[in-house]
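With PDB, C-alpha atoms, pLDDT in the B column inside, this is data23.pdb:
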ATOM      1  CA  MET A   1      17.071 -35.743  14.753  1.00 77.00           C
ATOM      2  CA  LEU A   2      13.517 -34.434  15.065  1.00 89.00           C
ATOM      3  CA  MET A   3      13.260 -33.629  11.364  1.00 91.00           C
ATOM      4  CA  ARG A   4      14.159 -37.160  10.253  1.00 89.00           C
ATOM      5  CA  ARG A   5      11.692 -38.677  12.700  1.00 92.00           C
ATOM      6  CA  ASP A   6       8.854 -36.482  11.418  1.00 90.00           C
ATOM      7  CA  ALA A   7       8.499 -35.189  14.973  1.00 93.00           C
ATOM      8  CA  MET A   8       8.049 -31.505  14.227  1.00 93.00           C
ATOM      9  CA  ARG A   9       5.776 -29.402  12.090  1.00 96.00           C
ATOM     10  CA  TYR A  10       7.462 -26.001  12.450  1.00 96.00           C
ATOM     11  CA  ALA A  11      11.076 -24.884  12.752  1.00 96.00           C
ATOM     12  CA  ARG A  12      11.321 -21.761  14.901  1.00 95.00           C
ATOM     13  CA  ILE A  13      14.595 -20.309  13.633  1.00 95.00           C
ATOM     14  CA  CYS A  14      16.175 -17.346  15.434  1.00 93.00           C
ATOM     15  CA  VAL A  15      18.106 -15.515  12.715  1.00 94.00           C
ATOM     16  CA  THR A  16      20.225 -13.680  15.294  1.00 90.00           C
ATOM     17  CA  ALA A  17      21.317 -16.951  16.946  1.00 91.00           C
ATOM     18  CA  ALA A  18      21.543 -19.230  13.897  1.00 93.00           C
ATOM     19  CA  GLY A  19      24.535 -17.599  12.248  1.00 92.00           C
ATOM     20  CA  GLY A  20      22.625 -14.785  10.563  1.00 94.00           C
ATOM     21  CA  LEU A  21      20.679 -15.087   7.340  1.00 96.00           C
ATOM     22  CA  THR A  22      23.078 -17.657   5.866  1.00 96.00           C
ATOM     23  CA  GLY A  23      22.716 -20.012   8.828  1.00 96.00           C
ATOM     24  CA  ALA A  24      18.966 -19.476   8.972  1.00 97.00           C
ATOM     25  CA  ARG A  25      18.615 -20.261   5.247  1.00 97.00           C
ATOM     26  CA  LYS A  26      20.566 -23.487   5.693  1.00 97.00           C
ATOM     27  CA  ILE A  27      18.244 -24.570   8.514  1.00 97.00           C
ATOM     28  CA  ALA A  28      15.218 -23.552   6.430  1.00 97.00           C
ATOM     29  CA  ALA A  29      16.515 -25.680   3.534  1.00 97.00           C
ATOM     30  CA  LEU A  30      16.849 -28.698   5.836  1.00 96.00           C
ATOM     31  CA  ALA A  31      13.337 -28.056   7.092  1.00 97.00           C
ATOM     32  CA  GLU A  32      12.010 -27.789   3.536  1.00 97.00           C
ATOM     33  CA  ALA A  33      13.535 -31.164   2.667  1.00 96.00           C
ATOM     34  CA  HIS A  34      11.461 -32.663   5.493  1.00 96.00           C
ATOM     35  CA  ASN A  35       8.219 -30.757   4.704  1.00 96.00           C
ATOM     36  CA  ILE A  36       8.591 -28.556   7.781  1.00 97.00           C
ATOM     37  CA  GLU A  37       7.410 -24.972   7.752  1.00 98.00           C
ATOM     38  CA  VAL A  38       9.493 -22.109   9.157  1.00 98.00           C
ATOM     39  CA  VAL A  39       8.358 -19.573  11.743  1.00 96.00           C
ATOM     40  CA  PRO A  40      11.203 -17.080  12.271  1.00 95.00           C
ATOM     41  CA  HIS A  41      11.751 -16.358  15.972  1.00 93.00           C
ATOM     42  CA  ASN A  42      11.986 -12.611  16.441  1.00 88.00           C
ATOM     43  CA  PRO A  43      12.305 -11.323  20.018  1.00 80.00           C
ATOM     44  CA  ARG A  44      14.769  -8.489  19.510  1.00 82.00           C
ATOM     45  CA  SER A  45      14.503  -5.247  17.546  1.00 89.00           C
ATOM     46  CA  PRO A  46      13.421  -3.628  14.278  1.00 93.00           C
ATOM     47  CA  VAL A  47      16.722  -4.828  12.777  1.00 93.00           C
ATOM     48  CA  SER A  48      15.916  -8.407  13.763  1.00 93.00           C
ATOM     49  CA  THR A  49      12.431  -7.969  12.319  1.00 94.00           C
ATOM     50  CA  ALA A  50      13.937  -6.774   9.029  1.00 95.00           C
ATOM     51  CA  ALA A  51      16.230  -9.822   8.911  1.00 96.00           C
ATOM     52  CA  CYS A  52      13.303 -12.160   9.580  1.00 96.00           C
ATOM     53  CA  VAL A  53      11.267 -10.504   6.816  1.00 96.00           C
ATOM     54  CA  GLN A  54      14.134 -11.016   4.369  1.00 96.00           C
ATOM     55  CA  LEU A  55      14.364 -14.680   5.397  1.00 97.00           C
ATOM     56  CA  ALA A  56      10.617 -15.117   4.978  1.00 97.00           C
ATOM     57  CA  ALA A  57      10.732 -13.547   1.523  1.00 96.00           C
ATOM     58  CA  CYS A  58      13.376 -15.944   0.211  1.00 96.00           C
ATOM     59  CA  ILE A  59      12.265 -19.361   1.469  1.00 97.00           C
ATOM     60  CA  PRO A  60       9.416 -21.459   0.064  1.00 97.00           C
ATOM     61  CA  ASN A  61       8.440 -22.995   3.429  1.00 98.00           C
ATOM     62  CA  PHE A  62       7.703 -19.789   5.356  1.00 97.00           C
ATOM     63  CA  ALA A  63       4.601 -20.201   7.554  1.00 97.00           C
ATOM     64  CA  LEU A  64       4.125 -17.063   9.646  1.00 93.00           C
ATOM     65  CA  MET A  65       6.080 -14.271  11.305  1.00 90.00           C
ATOM     66  CA  GLU A  66       6.557 -13.705  15.004  1.00 87.00           C
ATOM     67  CA  TYR A  67       6.197  -9.931  15.432  1.00 86.00           C
ATOM     68  CA  PRO A  68       7.206  -8.323  18.730  1.00 85.00           C
ATOM     69  CA  LEU A  69       5.158  -5.506  20.170  1.00 82.00           C
ATOM     70  CA  GLY A  70       6.648  -2.039  20.558  1.00 83.00           C
ATOM     71  CA  GLU A  71       8.455  -1.619  17.240  1.00 86.00           C
ATOM     72  CA  TYR A  72       6.901   1.845  16.865  1.00 85.00           C
ATOM     73  CA  GLU A  73       7.522   2.850  20.504  1.00 85.00           C
ATOM     74  CA  PRO A  74      10.666   3.934  22.371  1.00 82.00           C
ATOM     75  CA  PRO A  75      13.271   2.625  22.749  1.00 80.00           C
ATOM     76  CA  LYS A  76      12.889   0.325  19.719  1.00 84.00           C
ATOM     77  CA  CYS A  77      11.667   3.054  17.358  1.00 85.00           C
ATOM     78  CA  HIS A  78      14.858   5.038  18.028  1.00 85.00           C
ATOM     79  CA  ILE A  79      17.129   2.354  16.522  1.00 89.00           C
ATOM     80  CA  VAL A  80      16.099   2.701  12.871  1.00 92.00           C
ATOM     81  CA  LYS A  81      15.169   5.786  10.873  1.00 92.00           C
ATOM     82  CA  GLN A  82      11.966   4.197   9.601  1.00 90.00           C
ATOM     83  CA  PRO A  83      10.539   0.892  10.867  1.00 89.00           C
ATOM     84  CA  LEU A  84       9.101  -1.614   8.435  1.00 92.00           C
ATOM     85  CA  ARG A  85       5.673  -0.858   7.087  1.00 91.00           C
ATOM     86  CA  VAL A  86       2.675  -2.937   8.117  1.00 90.00           C
ATOM     87  CA  ASP A  87      -0.357  -3.028   5.810  1.00 93.00           C
ATOM     88  CA  LYS A  88      -3.531  -4.850   6.901  1.00 92.00           C
ATOM     89  CA  GLY A  89      -1.576  -7.082   9.271  1.00 87.00           C
ATOM     90  CA  TYR A  90       1.190  -7.887   6.790  1.00 90.00           C
ATOM     91  CA  LEU A  91       4.797  -6.698   7.018  1.00 91.00           C
ATOM     92  CA  ILE A  92       5.817  -5.250   3.675  1.00 94.00           C
ATOM     93  CA  VAL A  93       9.140  -6.540   2.343  1.00 96.00           C
ATOM     94  CA  PRO A  94      11.260  -3.420   1.789  1.00 95.00           C
ATOM     95  CA  ASP A  95      13.101  -2.840  -1.478  1.00 93.00           C
ATOM     96  CA  ALA A  96      15.853  -0.711   0.086  1.00 94.00           C
ATOM     97  CA  PRO A  97      19.431  -2.093   0.108  1.00 94.00           C
ATOM     98  CA  GLY A  98      20.577  -4.615   2.697  1.00 93.00           C
ATOM     99  CA  LEU A  99      17.939  -5.576   5.229  1.00 95.00           C
ATOM    100  CA  GLY A 100      15.781  -2.669   4.091  1.00 95.00           C
ATOM    101  CA  VAL A 101      16.128  -0.561   7.231  1.00 94.00           C
ATOM    102  CA  GLU A 102      18.604   2.203   7.986  1.00 94.00           C
ATOM    103  CA  LEU A 103      20.085   2.678  11.436  1.00 91.00           C
ATOM    104  CA  VAL A 104      19.942   6.124  13.032  1.00 90.00           C
ATOM    105  CA  ASP A 105      23.118   8.124  12.496  1.00 88.00           C
ATOM    106  CA  ASP A 106      24.398   8.216  16.081  1.00 83.00           C
ATOM    107  CA  LEU A 107      23.157   5.507  18.400  1.00 74.00           C
ATOM    108  CA  SER A 108      25.259   6.961  21.222  1.00 76.00           C
ATOM    109  CA  GLN A 109      22.825   9.877  21.398  1.00 75.00           C
ATOM    110  CA  LEU A 110      19.949   7.601  22.349  1.00 73.00           C
ATOM    111  CA  PRO A 111      18.701   7.758  25.925  1.00 72.00           C
ATOM    112  CA  PRO A 112      20.346   5.124  28.133  1.00 74.00           C
ATOM    113  CA  ARG A 113      18.507   1.842  28.377  1.00 71.00           C
ATOM    114  CA  LYS A 114      16.621   1.279  31.604  1.00 74.00           C
ATOM    115  CA  ARG A 115      17.566  -2.050  33.095  1.00 76.00           C
ATOM    116  CA  LYS A 116      14.663  -4.114  34.285  1.00 74.00           C
ATOM    117  CA  ARG A 117      15.193  -5.783  37.601  1.00 76.00           C
ATOM    118  CA  LEU A 118      14.653  -9.504  37.380  1.00 72.00           C
ATOM    119  CA  GLU A 119      13.314 -11.019  40.520  1.00 76.00           C
ATOM    120  CA  SER A 120      13.392 -14.760  40.814  1.00 79.00           C
ATOM    121  CA  ARG A 121      12.612 -16.924  43.757  1.00 80.00           C
ATOM    122  CA  LEU A 122      15.638 -18.942  44.780  1.00 83.00           C
ATOM    123  CA  HIS A 123      15.651 -22.440  46.203  1.00 81.00           C
ATOM    124  CA  GLU A 124      17.521 -23.060  49.451  1.00 84.00           C
ATOM    125  CA  ASP A 125      20.518 -24.320  47.464  1.00 86.00           C
ATOM    126  CA  GLY A 126      20.619 -21.072  45.417  1.00 80.00           C
ATOM    127  CA  SER A 127      19.112 -22.453  42.214  1.00 84.00           C
ATOM    128  CA  VAL A 128      16.291 -20.590  40.470  1.00 79.00           C
ATOM    129  CA  VAL A 129      12.793 -21.873  41.217  1.00 79.00           C
ATOM    130  CA  ASP A 130      10.331 -21.932  38.329  1.00 70.00           C
ATOM    131  CA  GLN A 131       7.374 -19.803  39.385  1.00 60.00           C
TER     132      GLN A 131
END
Would you kindly transcribe this structure into structure tokens?
Amino acid sequence: MLMRRDAMRYARICVTAAGGLTGARKIAALAEAHNIEVVPHNPRSPVSTAACVQLAACIPNFALMEYPLGEYEPPKCHIVKQPLRVDKGYLIVPDAPGLGVELVDDLSQLPPRKRKRLESRLHEDGSVVDQ
């Protein structure tokens, strides 16, 4: 294990893939026991950002927050009623219930998501070629 071998400095925990806040806290506790700092991985939405902020607020080995661009722009800004507040480069931990954000009342009324076409170069055997 990388932690036991002192082979890592940061644990990049994805709250949405680690079993939610409970799973992420367990990983953070393991990291703390090995003097490893936590950098929550946050590629998703304002809800994911709120979960990462809650994780950061409750662990002693939080290092820094990955913050995706576009939280105040469509379509991300249409998911929650009010995105988290940023003050002088710092996300403010909300004191509202739950994650601290409230979803819009009817997500079905949002404009449909535009799918982005992924173009990858394929090798002659059909496998994806790293470009």
One-decimal distance in Å that lies between atom CA of Ile79 of chain A and atom CA of Val104 of chain A: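 Interatomic distance here is 5.9 Å.
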Ground truth for the PyMOL selection byres ((chain A and resi 105) around 12), written as a VMD selection string: chain A and resid 78 to 81 102 to 104 106 to 110
From A:Leu91, A:Leu55, A:Leu122, A:Leu2, residue lying nearest Val38 of chain A [all atoms listed in the file]: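 Smallest distance to Val38 of chain A is found for A:Leu55.
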Segment 57-63 of chain A surroundings by all atoms listed in the file, 12 Å radius, close-in-sequence under 5 positions cut, as a PyMOL selection string: chain A and resi 9-13+21-22+24-41+50-52+91-95+99
Given all atoms listed in the file as the counted atoms, nearest of A:Lys88, A:Arg117, A:Arg5, A:Lys76 to Arg44 of chain A: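 Answer, going by the shortest atom-to-atom distance: A:Lys76.
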One-decimal distance in Å that lies between atom CA of Gly23 of chain A and atom CA of Gly98 of chain A: 16.7 Å
Separation of atom CA of Ser45 of chain A from atom CA of Thr16 of chain A, in Å and rounded to one decimal: 10.4 Å
Which residue of A:Val47, A:Leu64, A:Val86, A:Ala56 approaches Val101 of chain A most closely, using all atoms listed in the file: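 Closest residue, counting all atoms listed in the file: A:Val47.
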Best match for closeness to Pro97 of chain A among A:Arg113, A:Ala18, A:Arg4, A:Gln54, counting all atoms listed in the file: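 Closest candidate: A:Gln54.
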Residues selected by the PyMOL selection byres ((chain A and resi 67) around 8), written as a PyMOL selection string: chain A and resi 42-43+49+65-66+68-69
A:Pro75, A:Asp125, A:Ser48, A:Gly100 ranked by distance to Ala17 of chain A, top pick (using only C-alpha atoms):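 Once distances to Ala17 of chain A are computed over only C-alpha atoms, the minimum belongs to A:Ser48.
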Option closest in space to Lys114 of chain A, from A:Pro46, A:Cys14, A:Gly89, A:Pro74 [counting all atoms listed in the file]: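 For Lys114 of chain A, the nearest of the candidates is A:Pro74.
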Since the input is missing atoms, can you rebuild N, CA, C and O atoms for segment 94-120 of chain A and write them as a PDB file, in the coordinates of the input?
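The resulting file, part-v8.pdb, is shown below:
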ATOM      1  N   PRO A  94      10.708  -4.656   2.350  1.00 95.00           N
ATOM      2  CA  PRO A  94      11.260  -3.420   1.789  1.00 95.00           C
ATOM      3  C   PRO A  94      12.134  -3.693   0.567  1.00 95.00           C
ATOM      4  O   PRO A  94      12.685  -4.780   0.415  1.00 95.00           O
ATOM      5  N   ASP A  95      12.238  -2.694  -0.302  1.00 93.00           N
ATOM      6  CA  ASP A  95      13.101  -2.840  -1.478  1.00 93.00           C
ATOM      7  C   ASP A  95      14.375  -2.009  -1.354  1.00 93.00           C
ATOM      8  O   ASP A  95      15.137  -1.884  -2.300  1.00 93.00           O
ATOM      9  N   ALA A  96      14.624  -1.463  -0.169  1.00 94.00           N
ATOM     10  CA  ALA A  96      15.853  -0.711   0.086  1.00 94.00           C
ATOM     11  C   ALA A  96      17.030  -1.680   0.188  1.00 94.00           C
ATOM     12  O   ALA A  96      16.834  -2.880   0.413  1.00 94.00           O
ATOM     13  N   PRO A  97      18.259  -1.203   0.047  1.00 94.00           N
ATOM     14  CA  PRO A  97      19.431  -2.093   0.108  1.00 94.00           C
ATOM     15  C   PRO A  97      19.569  -2.782   1.469  1.00 94.00           C
ATOM     16  O   PRO A  97      19.052  -2.311   2.483  1.00 94.00           O
ATOM     17  N   GLY A  98      20.298  -3.882   1.462  1.00 93.00           N
ATOM     18  CA  GLY A  98      20.577  -4.615   2.697  1.00 93.00           C
ATOM     19  C   GLY A  98      19.315  -5.223   3.275  1.00 93.00           C
ATOM     20  O   GLY A  98      18.513  -5.817   2.557  1.00 93.00           O
ATOM     21  N   LEU A  99      19.136  -5.051   4.572  1.00 95.00           N
ATOM     22  CA  LEU A  99      17.939  -5.576   5.229  1.00 95.00           C
ATOM     23  C   LEU A  99      16.706  -4.724   4.961  1.00 95.00           C
ATOM     24  O   LEU A  99      15.597  -5.126   5.271  1.00 95.00           O
ATOM     25  N   GLY A 100      16.914  -3.534   4.408  1.00 95.00           N
ATOM     26  CA  GLY A 100      15.781  -2.669   4.091  1.00 95.00           C
ATOM     27  C   GLY A 100      15.476  -1.640   5.151  1.00 95.00           C
ATOM     28  O   GLY A 100      14.517  -0.887   5.022  1.00 95.00           O
ATOM     29  N   VAL A 101      16.283  -1.594   6.202  1.00 94.00           N
ATOM     30  CA  VAL A 101      16.128  -0.561   7.231  1.00 94.00           C
ATOM     31  C   VAL A 101      17.461   0.161   7.380  1.00 94.00           C
ATOM     32  O   VAL A 101      18.522  -0.403   7.116  1.00 94.00           O
ATOM     33  N   GLU A 102      17.399   1.405   7.797  1.00 94.00           N
ATOM     34  CA  GLU A 102      18.604   2.203   7.986  1.00 94.00           C
ATOM     35  C   GLU A 102      18.708   2.593   9.455  1.00 94.00           C
ATOM     36  O   GLU A 102      17.747   3.116  10.040  1.00 94.00           O
ATOM     37  N   LEU A 103      19.862   2.318  10.036  1.00 91.00           N
ATOM     38  CA  LEU A 103      20.085   2.678  11.436  1.00 91.00           C
ATOM     39  C   LEU A 103      20.168   4.191  11.583  1.00 91.00           C
ATOM     40  O   LEU A 103      20.583   4.890  10.651  1.00 91.00           O
ATOM     41  N   VAL A 104      19.785   4.693  12.771  1.00 90.00           N
ATOM     42  CA  VAL A 104      19.942   6.124  13.032  1.00 90.00           C
ATOM     43  C   VAL A 104      21.426   6.458  12.976  1.00 90.00           C
ATOM     44  O   VAL A 104      22.289   5.596  13.167  1.00 90.00           O
ATOM     45  N   ASP A 105      21.733   7.720  12.708  1.00 88.00           N
ATOM     46  CA  ASP A 105      23.118   8.124  12.496  1.00 88.00           C
ATOM     47  C   ASP A 105      24.010   7.932  13.721  1.00 88.00           C
ATOM     48  O   ASP A 105      25.127   7.477  13.597  1.00 88.00           O
ATOM     49  N   ASP A 106      23.541   8.290  14.904  1.00 83.00           N
ATOM     50  CA  ASP A 106      24.398   8.216  16.081  1.00 83.00           C
ATOM     51  C   ASP A 106      23.659   7.544  17.227  1.00 83.00           C
ATOM     52  O   ASP A 106      22.937   8.197  17.978  1.00 83.00           O
ATOM     53  N   LEU A 107      23.842   6.249  17.343  1.00 74.00           N
ATOM     54  CA  LEU A 107      23.157   5.507  18.400  1.00 74.00           C
ATOM     55  C   LEU A 107      23.602   5.927  19.792  1.00 74.00           C
ATOM     56  O   LEU A 107      22.887   5.731  20.762  1.00 74.00           O
ATOM     57  N   SER A 108      24.783   6.532  19.901  1.00 76.00           N
ATOM     58  CA  SER A 108      25.259   6.961  21.222  1.00 76.00           C
ATOM     59  C   SER A 108      24.428   8.110  21.779  1.00 76.00           C
ATOM     60  O   SER A 108      24.484   8.398  22.971  1.00 76.00           O
ATOM     61  N   GLN A 109      23.667   8.774  20.941  1.00 75.00           N
ATOM     62  CA  GLN A 109      22.825   9.877  21.398  1.00 75.00           C
ATOM     63  C   GLN A 109      21.476   9.408  21.942  1.00 75.00           C
ATOM     64  O   GLN A 109      20.700  10.210  22.443  1.00 75.00           O
ATOM     65  N   LEU A 110      21.208   8.128  21.829  1.00 73.00           N
ATOM     66  CA  LEU A 110      19.949   7.601  22.349  1.00 73.00           C
ATOM     67  C   LEU A 110      19.943   7.663  23.866  1.00 73.00           C
ATOM     68  O   LEU A 110      20.995   7.578  24.505  1.00 73.00           O
ATOM     69  N   PRO A 111      18.759   7.790  24.464  1.00 72.00           N
ATOM     70  CA  PRO A 111      18.701   7.758  25.925  1.00 72.00           C
ATOM     71  C   PRO A 111      19.201   6.412  26.440  1.00 72.00           C
ATOM     72  O   PRO A 111      19.018   5.389  25.773  1.00 72.00           O
ATOM     73  N   PRO A 112      19.843   6.406  27.610  1.00 74.00           N
ATOM     74  CA  PRO A 112      20.346   5.124  28.133  1.00 74.00           C
ATOM     75  C   PRO A 112      19.206   4.151  28.388  1.00 74.00           C
ATOM     76  O   PRO A 112      18.098   4.543  28.757  1.00 74.00           O
ATOM     77  N   ARG A 113      19.505   2.895  28.176  1.00 71.00           N
ATOM     78  CA  ARG A 113      18.507   1.842  28.377  1.00 71.00           C
ATOM     79  C   ARG A 113      18.240   1.652  29.860  1.00 71.00           C
ATOM     80  O   ARG A 113      19.169   1.626  30.663  1.00 71.00           O
ATOM     81  N   LYS A 114      16.982   1.541  30.208  1.00 74.00           N
ATOM     82  CA  LYS A 114      16.621   1.279  31.604  1.00 74.00           C
ATOM     83  C   LYS A 114      16.670  -0.220  31.833  1.00 74.00           C
ATOM     84  O   LYS A 114      15.994  -0.975  31.148  1.00 74.00           O
ATOM     85  N   ARG A 115      17.469  -0.629  32.771  1.00 76.00           N
ATOM     86  CA  ARG A 115      17.566  -2.050  33.095  1.00 76.00           C
ATOM     87  C   ARG A 115      16.363  -2.459  33.921  1.00 76.00           C
ATOM     88  O   ARG A 115      15.965  -1.768  34.849  1.00 76.00           O
ATOM     89  N   LYS A 116      15.807  -3.578  33.575  1.00 74.00           N
ATOM     90  CA  LYS A 116      14.663  -4.114  34.285  1.00 74.00           C
ATOM     91  C   LYS A 116      15.175  -5.089  35.337  1.00 74.00           C
ATOM     92  O   LYS A 116      15.992  -5.961  35.037  1.00 74.00           O
ATOM     93  N   ARG A 117      14.739  -4.906  36.539  1.00 76.00           N
ATOM     94  CA  ARG A 117      15.193  -5.783  37.601  1.00 76.00           C
ATOM     95  C   ARG A 117      14.459  -7.117  37.500  1.00 76.00           C
ATOM     96  O   ARG A 117      13.239  -7.177  37.445  1.00 76.00           O
ATOM     97  N   LEU A 118      15.232  -8.174  37.436  1.00 72.00           N
ATOM     98  CA  LEU A 118      14.653  -9.504  37.380  1.00 72.00           C
ATOM     99  C   LEU A 118      14.621 -10.073  38.786  1.00 72.00           C
ATOM    100  O   LEU A 118      15.644 -10.146  39.457  1.00 72.00           O
ATOM    101  N   GLU A 119      13.447 -10.436  39.200  1.00 76.00           N
ATOM    102  CA  GLU A 119      13.314 -11.019  40.520  1.00 76.00           C
ATOM    103  C   GLU A 119      12.881 -12.468  40.362  1.00 76.00           C
ATOM    104  O   GLU A 119      11.849 -12.755  39.778  1.00 76.00           O
ATOM    105  N   SER A 120      13.692 -13.341  40.869  1.00 79.00           N
ATOM    106  CA  SER A 120      13.392 -14.760  40.814  1.00 79.00           C
ATOM    107  C   SER A 120      13.462 -15.330  42.215  1.00 79.00           C
ATOM    108  O   SER A 120      14.297 -14.933  43.020  1.00 79.00           O
TER     109      SER A 120
END
